[in-house]
file upload_14.pdb (PDB, C-alpha atoms, pLDDT in the B column)
ATOM      1  CA  MET D  30      -0.183  -6.820 -23.745  1.00 84.00           C
ATOM      2  CA  ILE D  31      -3.229  -6.808 -21.502  1.00 82.00           C
ATOM      3  CA  ALA D  32      -1.720  -9.396 -19.192  1.00 85.00           C
ATOM      4  CA  ARG D  33       1.453  -7.359 -18.775  1.00 82.00           C
ATOM      5  CA  SER D  34      -0.475  -4.190 -17.946  1.00 83.00           C
ATOM      6  CA  VAL D  35      -2.812  -6.004 -15.528  1.00 84.00           C
ATOM      7  CA  GLY D  36       0.251  -7.592 -13.919  1.00 81.00           C
ATOM      8  CA  ARG D  37       1.614  -4.152 -13.112  1.00 82.00           C
ATOM      9  CA  GLY D  38      -1.476  -3.335 -11.063  1.00 79.00           C
ATOM     10  CA  VAL D  39      -0.440  -2.612  -7.498  1.00 77.00           C
ATOM     11  CA  ASP D  40      -3.681  -3.297  -5.673  1.00 81.00           C
ATOM     12  CA  LYS D  41      -5.279  -6.000  -7.829  1.00 85.00           C
ATOM     13  CA  ALA D  42      -5.331  -9.728  -7.107  1.00 88.00           C
ATOM     14  CA  LEU D  43      -4.331 -10.525 -10.688  1.00 88.00           C
ATOM     15  CA  GLY D  44      -1.276  -8.300 -10.261  1.00 89.00           C
ATOM     16  CA  GLY D  45      -0.332 -10.222  -7.132  1.00 90.00           C
ATOM     17  CA  PHE D  46      -0.739 -13.497  -9.027  1.00 91.00           C
ATOM     18  CA  TYR D  47       1.558 -12.192 -11.784  1.00 92.00           C
ATOM     19  CA  ARG D  48       4.261 -10.992  -9.384  1.00 91.00           C
ATOM     20  CA  ARG D  49       4.174 -14.210  -7.347  1.00 91.00           C
ATOM     21  CA  LEU D  50       4.556 -16.345 -10.440  1.00 93.00           C
ATOM     22  CA  LYS D  51       7.184 -14.020 -11.935  1.00 94.00           C
ATOM     23  CA  GLY D  52       9.347 -14.505  -8.859  1.00 94.00           C
ATOM     24  CA  ARG D  53       9.172 -18.281  -9.157  1.00 94.00           C
ATOM     25  CA  ARG D  54       9.119 -18.963 -12.896  1.00 95.00           C
ATOM     26  CA  GLY D  55      10.099 -15.754 -14.679  1.00 95.00           C
ATOM     27  CA  GLY D  56       8.325 -12.951 -16.491  1.00 91.00           C
ATOM     28  CA  LEU D  57       7.506 -14.753 -19.739  1.00 94.00           C
ATOM     29  CA  ILE D  58       5.782 -17.693 -18.063  1.00 95.00           C
ATOM     30  CA  ALA D  59       3.973 -15.371 -15.655  1.00 94.00           C
ATOM     31  CA  ASN D  60       2.742 -13.307 -18.596  1.00 94.00           C
ATOM     32  CA  ILE D  61       1.448 -16.404 -20.411  1.00 95.00           C
ATOM     33  CA  ALA D  62      -0.229 -17.722 -17.251  1.00 95.00           C
ATOM     34  CA  LEU D  63      -1.937 -14.405 -16.566  1.00 93.00           C
ATOM     35  CA  ALA D  64      -3.088 -14.137 -20.192  1.00 94.00           C
ATOM     36  CA  ARG D  65      -4.611 -17.602 -19.916  1.00 95.00           C
ATOM     37  CA  LYS D  66      -6.266 -16.714 -16.620  1.00 91.00           C
ATOM     38  CA  LEU D  67      -7.737 -13.558 -18.190  1.00 91.00           C
ATOM     39  CA  ALA D  68      -8.954 -15.499 -21.230  1.00 93.00           C
ATOM     40  CA  GLU D  69     -10.662 -18.092 -19.017  1.00 91.00           C
ATOM     41  CA  LEU D  70     -12.235 -15.352 -16.922  1.00 88.00           C
ATOM     42  CA  PHE D  71     -13.490 -13.543 -20.022  1.00 89.00           C
ATOM     43  CA  TRP D  72     -14.880 -16.791 -21.455  1.00 91.00           C
ATOM     44  CA  ARG D  73     -16.730 -17.609 -18.218  1.00 87.00           C
ATOM     45  CA  LEU D  74     -18.174 -14.113 -18.114  1.00 87.00           C
ATOM     46  CA  MET D  75     -19.398 -14.301 -21.716  1.00 89.00           C
ATOM     47  CA  VAL D  76     -20.767 -17.856 -21.587  1.00 91.00           C
ATOM     48  CA  HIS D  77     -22.327 -17.908 -18.137  1.00 88.00           C
ATOM     49  CA  GLY D  78     -23.089 -14.206 -17.756  1.00 83.00           C
ATOM     50  CA  ILE D  79     -21.557 -14.007 -14.286  1.00 77.00           C
ATOM     51  CA  SER D  80     -20.346 -10.618 -13.107  1.00 77.00           C
ATOM     52  CA  TYR D  81     -16.748 -10.382 -11.868  1.00 75.00           C
ATOM     53  CA  VAL D  82     -15.890  -8.370  -8.780  1.00 77.00           C
ATOM     54  CA  GLU D  83     -12.206  -7.756  -8.017  1.00 79.00           C
ATOM     55  CA  GLN D  84     -11.508  -8.831  -4.430  1.00 81.00           C
ATOM     56  CA  GLY D  85      -8.230  -6.942  -4.140  1.00 83.00           C
ATOM     57  CA  LEU D  86      -4.645  -7.800  -3.357  1.00 82.00           C
ATOM     58  CA  LYS D  87      -5.158  -8.154   0.396  1.00 86.00           C
ATOM     59  CA  LYS D  88      -7.815 -10.846  -0.045  1.00 87.00           C
ATOM     60  CA  TYR D  89      -5.584 -12.687  -2.553  1.00 83.00           C
ATOM     61  CA  GLU D  90      -2.580 -12.604  -0.208  1.00 88.00           C
ATOM     62  CA  GLU D  91      -4.724 -13.922   2.664  1.00 91.00           C
ATOM     63  CA  LYS D  92      -5.840 -16.816   0.465  1.00 90.00           C
ATOM     64  CA  VAL D  93      -2.217 -17.596  -0.521  1.00 90.00           C
ATOM     65  CA  ALA D  94      -1.118 -17.534   3.130  1.00 92.00           C
ATOM     66  CA  GLN D  95      -3.999 -19.819   4.087  1.00 94.00           C
ATOM     67  CA  THR D  96      -3.048 -22.272   1.322  1.00 94.00           C
ATOM     68  CA  GLU D  97       0.610 -22.274   2.409  1.00 93.00           C
ATOM     69  CA  GLN D  98      -0.399 -22.911   6.020  1.00 93.00           C
ATOM     70  CA  HIS D  99      -2.606 -25.817   4.943  1.00 94.00           C
ATOM     71  CA  LEU D 100       0.270 -27.339   2.948  1.00 95.00           C
ATOM     72  CA  LEU D 101       2.622 -27.001   5.932  1.00 94.00           C
ATOM     73  CA  GLN D 102       0.117 -28.769   8.172  1.00 94.00           C
ATOM     74  CA  LYS D 103      -0.263 -31.533   5.597  1.00 95.00           C
ATOM     75  CA  LEU D 104       3.523 -32.008   5.396  1.00 95.00           C
ATOM     76  CA  ALA D 105       3.789 -32.049   9.179  1.00 94.00           C
ATOM     77  CA  ARG D 106       1.169 -34.811   9.407  1.00 94.00           C
ATOM     78  CA  LYS D 107       2.956 -36.769   6.684  1.00 95.00           C
ATOM     79  CA  TYR D 108       6.216 -36.785   8.664  1.00 94.00           C
ATOM     80  CA  ASN D 109       4.548 -37.224  12.087  1.00 94.00           C
ATOM     81  CA  MET D 110       5.427 -33.725  13.270  1.00 92.00           C
ATOM     82  CA  VAL D 111       3.416 -31.105  15.093  1.00 90.00           C
ATOM     83  CA  LEU D 112       3.335 -27.425  14.154  1.00 87.00           C
ATOM     84  CA  GLN D 113       3.410 -25.012  17.081  1.00 87.00           C
ATOM     85  CA  PRO D 114       2.792 -21.270  16.856  1.00 83.00           C
ATOM     86  CA  LYS D 115       5.788 -19.064  17.467  1.00 85.00           C
ATOM     87  CA  THR D 116       5.815 -17.423  20.875  1.00 86.00           C
ATOM     88  CA  ALA D 117       7.073 -13.888  21.360  1.00 78.00           C
TER      89      ALA D 117
END

call {"tool": "encode", "arguments": {"input": "upload_14.pdb", "output": "structure tokens"}}
result
Amino acid sequence: MIARSVGRGVDKALGGFYRRLKGRRGGLIANIALARKLAELFWRLMVHGISYVEQGLKKYEEKVAQTEQHLLQKLARKYNMVLQPKTA
């Protein structure tokens, strides 16, 4: 239940994670994945005593875009292609 309510958060990174996964794999799997992510986060906080600071949805989306760009560059190198920025 917590994962579903956190997933509905509009401006939270965990909500963005839930919606991104829900679009690819469906709501049930996204709910399970977010519950696991929350459980791991809670465990790390309790065991190691680290404080958690929410970075926000914008920071999460920037990280996702950066990861996608890195994967595109890797694929381009694999197939001997060159990525060029789009000109206006």

call {"tool": "residues_around", "arguments": {"input": "upload_14.pdb", "residues": "D:Val35", "least_positions_apart": "6", "cutoff": "9 Å", "atoms": "all atoms listed in the file", "output": "list in words"}}
result
Lys41, Leu43, Gly44, Tyr47 and Leu63 of chain D

call {"tool": "residues_around", "arguments": {"input": "upload_14.pdb", "residues": "D:Arg33", "least_positions_apart": "5", "cutoff": "10 Å", "atoms": "all atoms listed in the file", "output": "ChimeraX atom specification"}}
result
/D:38,44,47,56-57,59-61,63-64

call {"tool": "resolve_selection", "arguments": {"input": "upload_14.pdb", "expression": "the PyMOL selection byres ((chain D and resi 45) around 12)", "output": "PyMOL selection string"}}
result
chain D and resi 35-44+46-52+59+63+84-93

call {"tool": "atom_distance", "arguments": {"input": "upload_14.pdb", "atom1": "atom CA of D:Gly55", "atom2": "atom CA of D:Gln98"}}
result
24.3 Å

call {"tool": "resolve_selection", "arguments": {"input": "upload_14.pdb", "expression": "the PyMOL selection byres ((chain D and resi 112-117) around 12)", "output": "PyMOL selection string"}}
result
chain D and resi 98-111

call {"tool": "atom_distance", "arguments": {"input": "upload_14.pdb", "atom1": "atom CA of D:Ala32", "atom2": "atom CA of D:Gln95"}}
result
25.6 Å

call {"tool": "decode", "arguments": {"input": "upload_14.pdb", "residues": "stretch 45-114 of chain D", "atoms": "C-alpha atoms", "output": "PDB file, in the first residue's frame"}}
result
ATOM      1  CA  GLY D  45       8.812   8.866 -11.460  1.00  0.00           C
ATOM      2  CA  PHE D  46      10.443   5.449 -11.079  1.00  0.00           C
ATOM      3  CA  TYR D  47       7.012   3.867 -10.528  1.00  0.00           C
ATOM      4  CA  ARG D  48       5.406   5.569 -13.533  1.00  0.00           C
ATOM      5  CA  ARG D  49       8.335   4.748 -15.827  1.00  0.00           C
ATOM      6  CA  LEU D  50       8.244   1.095 -14.868  1.00  0.00           C
ATOM      7  CA  LYS D  51       4.434   0.974 -15.000  1.00  0.00           C
ATOM      8  CA  GLY D  52       4.533   2.118 -18.613  1.00  0.00           C
ATOM      9  CA  ARG D  53       6.961  -0.634 -19.566  1.00  0.00           C
ATOM     10  CA  ARG D  54       5.967  -3.602 -17.410  1.00  0.00           C
ATOM     11  CA  GLY D  55       2.557  -2.859 -15.906  1.00  0.00           C
ATOM     12  CA  GLY D  56       1.207  -1.665 -12.585  1.00  0.00           C
ATOM     13  CA  LEU D  57       1.629  -4.865 -10.574  1.00  0.00           C
ATOM     14  CA  ILE D  58       5.312  -5.292 -11.397  1.00  0.00           C
ATOM     15  CA  ALA D  59       5.951  -1.581 -10.859  1.00  0.00           C
ATOM     16  CA  ASN D  60       4.276  -1.802  -7.458  1.00  0.00           C
ATOM     17  CA  ILE D  61       6.407  -4.801  -6.445  1.00  0.00           C
ATOM     18  CA  ALA D  62       9.598  -3.127  -7.690  1.00  0.00           C
ATOM     19  CA  LEU D  63       8.854   0.083  -5.810  1.00  0.00           C
ATOM     20  CA  ALA D  64       8.013  -1.856  -2.636  1.00  0.00           C
ATOM     21  CA  ARG D  65      11.352  -3.641  -2.896  1.00  0.00           C
ATOM     22  CA  LYS D  66      13.162  -0.363  -3.504  1.00  0.00           C
ATOM     23  CA  LEU D  67      11.480   1.155  -0.430  1.00  0.00           C
ATOM     24  CA  ALA D  68      12.335  -1.893   1.685  1.00  0.00           C
ATOM     25  CA  GLU D  69      15.996  -1.724   0.629  1.00  0.00           C
ATOM     26  CA  LEU D  70      16.088   1.999   1.337  1.00  0.00           C
ATOM     27  CA  PHE D  71      14.530   1.502   4.770  1.00  0.00           C
ATOM     28  CA  TRP D  72      16.971  -1.318   5.559  1.00  0.00           C
ATOM     29  CA  ARG D  73      19.984   0.799   4.556  1.00  0.00           C
ATOM     30  CA  LEU D  74      18.723   3.669   6.674  1.00  0.00           C
ATOM     31  CA  MET D  75      18.233   1.452   9.732  1.00  0.00           C
ATOM     32  CA  VAL D  76      21.472  -0.535   9.425  1.00  0.00           C
ATOM     33  CA  HIS D  77      23.885   2.174   8.339  1.00  0.00           C
ATOM     34  CA  GLY D  78      22.152   5.186   9.874  1.00  0.00           C
ATOM     35  CA  ILE D  79      22.380   7.238   6.686  1.00  0.00           C
ATOM     36  CA  SER D  80      19.867  10.033   6.227  1.00  0.00           C
ATOM     37  CA  TYR D  81      17.838  10.048   3.000  1.00  0.00           C
ATOM     38  CA  VAL D  82      17.192  13.274   1.131  1.00  0.00           C
ATOM     39  CA  GLU D  83      14.676  13.206  -1.733  1.00  0.00           C
ATOM     40  CA  GLN D  84      16.319  14.686  -4.834  1.00  0.00           C
ATOM     41  CA  GLY D  85      13.064  15.288  -6.688  1.00  0.00           C
ATOM     42  CA  LEU D  86      11.569  14.246  -9.987  1.00  0.00           C
ATOM     43  CA  LYS D  87      13.607  16.665 -12.101  1.00  0.00           C
ATOM     44  CA  LYS D  88      16.913  15.240 -10.857  1.00  0.00           C
ATOM     45  CA  TYR D  89      15.647  11.679 -11.467  1.00  0.00           C
ATOM     46  CA  GLU D  90      14.542  12.493 -15.023  1.00  0.00           C
ATOM     47  CA  GLU D  91      17.926  14.101 -15.758  1.00  0.00           C
ATOM     48  CA  LYS D  92      19.658  10.935 -14.561  1.00  0.00           C
ATOM     49  CA  VAL D  93      17.394   8.748 -16.750  1.00  0.00           C
ATOM     50  CA  ALA D  94      18.065  10.945 -19.794  1.00  0.00           C
ATOM     51  CA  GLN D  95      21.804  10.801 -19.133  1.00  0.00           C
ATOM     52  CA  THR D  96      21.672   6.994 -18.886  1.00  0.00           C
ATOM     53  CA  GLU D  97      19.699   6.726 -22.141  1.00  0.00           C
ATOM     54  CA  GLN D  98      22.189   8.990 -23.912  1.00  0.00           C
ATOM     55  CA  HIS D  99      25.086   6.868 -22.655  1.00  0.00           C
ATOM     56  CA  LEU D 100      23.394   3.695 -23.934  1.00  0.00           C
ATOM     57  CA  LEU D 101      22.803   5.292 -27.348  1.00  0.00           C
ATOM     58  CA  GLN D 102      26.466   6.263 -27.584  1.00  0.00           C
ATOM     59  CA  LYS D 103      27.484   2.734 -26.625  1.00  0.00           C
ATOM     60  CA  LEU D 104      25.223   1.239 -29.319  1.00  0.00           C
ATOM     61  CA  ALA D 105      26.561   3.682 -31.894  1.00  0.00           C
ATOM     62  CA  ARG D 106      30.149   2.648 -31.119  1.00  0.00           C
ATOM     63  CA  LYS D 107      29.167  -1.017 -31.321  1.00  0.00           C
ATOM     64  CA  TYR D 108      27.813  -0.587 -34.862  1.00  0.00           C
ATOM     65  CA  ASN D 109      30.536   1.867 -35.984  1.00  0.00           C
ATOM     66  CA  MET D 110      28.170   4.832 -36.174  1.00  0.00           C
ATOM     67  CA  VAL D 111      28.521   8.409 -35.028  1.00  0.00           C
ATOM     68  CA  LEU D 112      25.837  10.332 -33.151  1.00  0.00           C
ATOM     69  CA  GLN D 113      25.384  13.940 -34.233  1.00  0.00           C
ATOM     70  CA  PRO D 114      23.293  16.534 -32.407  1.00  0.00           C
TER      71      PRO D 114
END
